[in-house]
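Worksheet: the structure to be examined is printed underneath.
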Amino acid sequence: MNMDSALKKLTRTMKALSDPSRVRILKYLQHRSGMCVCELTALLHISQPTVSKHLKLLEETGFVESSKEGLWVNYALARHPENPFAAAMLRELSSWLEEEPAIQEELVRAHRVRREVVTGRQSIPAT
């Protein structure tokens with residue numbers, strides 16, 4: 001990786017963390033892997049298209065990965081990010097904001113929100 005491309009990758013990675021909603025998404029996924037857009041929308045109180053745009057940027061920069069499960073697309077923190085800057089930031093993420101009361105309250109809510117309740121339908125098992 002040459003200096004210009006490394007600098008661009010680092011800048012894009014840091015910009016991905018510059019939005020509070022994206023940082024909150026990463027904290028939710030740190031504590032509860034496999035969340036869908038509807039669950040994150042319910043937690044963040046922002047529109048579904050906005051949550052989807054945040055997830056797209058986080059996925060493009062190597063912070064999250066997605067997997068399809070029947071009707072649902074599940075998001076999780078990237079296990080082995082190709083972006084070395086995202087990998088370094090994810091290693092540090094586990095200790096960030098853990099003691100903040102507001103974050104602790106949100107994490108409790110994150111464990112309670114369920115896609116079936118948010119959408120009003122049950123998951124259909126894949127056959």
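Labels for the structure tokens follow display order: chains A, B, ..., residues from 1 in each chain, ligands from 1.
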
Per residue of segment 28-84 of chain A within 7 Å of segment 94-112 of chain A, note the shortest atom pair and the distance in Å to one decimal, counting only C-alpha atoms, and order the rows by chain and increasing residue number, as CSV.
residue,atom,partner,partner_atom,distance
A:Tyr28,CA,A:Leu107,CA,6.3
A:Arg32,CA,A:His111,CA,6.8
A:Leu43,CA,A:Ala110,CA,6.8

request  = Can you pull out every residue within 9 Å of segment 22-26 of chain A, counting only C-alpha atoms, but drop anything in the same chain fewer than 3 positions away, and send it as a ChimeraX atom specification?
outcome  = /A:16-19,29-31,40,44,51,54-55,57-58,63-64,76-77,90,93,103,106

From a DSSP pass on the backbone, collect the residues of segment 43-108 of chain A flagged as strand (DSSP E or B) and hand them back as an mmCIF file with C-alpha atoms, in the first residue's frame.
data_model
loop_
_atom_site.group_PDB
_atom_site.id
_atom_site.type_symbol
_atom_site.label_atom_id
_atom_site.label_comp_id
_atom_site.auth_asym_id
_atom_site.auth_seq_id
_atom_site.Cartn_x
_atom_site.Cartn_y
_atom_site.Cartn_z
ATOM 1 C CA VAL A 64 -18.801 -4.735 10.239
ATOM 2 C CA GLU A 65 -19.798 -7.696 8.119
ATOM 3 C CA SER A 66 -23.199 -8.946 7.115
ATOM 4 C CA SER A 67 -24.758 -12.339 6.581
ATOM 5 C CA LYS A 68 -28.139 -13.375 5.248
ATOM 6 C CA GLU A 69 -30.416 -15.558 7.369
ATOM 7 C CA TRP A 72 -32.940 -11.097 7.724
ATOM 8 C CA VAL A 73 -29.570 -9.525 7.045
ATOM 9 C CA ASN A 74 -27.552 -9.764 10.250
ATOM 10 C CA TYR A 75 -24.707 -7.414 11.065
ATOM 11 C CA ALA A 76 -21.766 -8.175 13.319
ATOM 12 C CA LEU A 77 -18.369 -6.699 14.044
#

request  = Show which residues sit within 12 Å of Lys9 of chain A, as a ChimeraX atom specification. Count only C-alpha atoms, and ignore same-chain residues fewer than 6 positions away.
outcome  = /A:1-3,15-16,60-62,82-86

Atom pair atom CA of Ile46 of chain A / atom CA of Thr119 of chain A: separation (Å) =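 Atom-to-atom, atom CA of Ile46 of chain A to atom CA of Thr119 of chain A, that is 15.4 Å.
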
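Of the listed residues (A:Met14, A:Val37, A:Met89, A:Val118), A:Val37 comes nearest to Lys56 of chain A; the distances count only C-alpha atoms.
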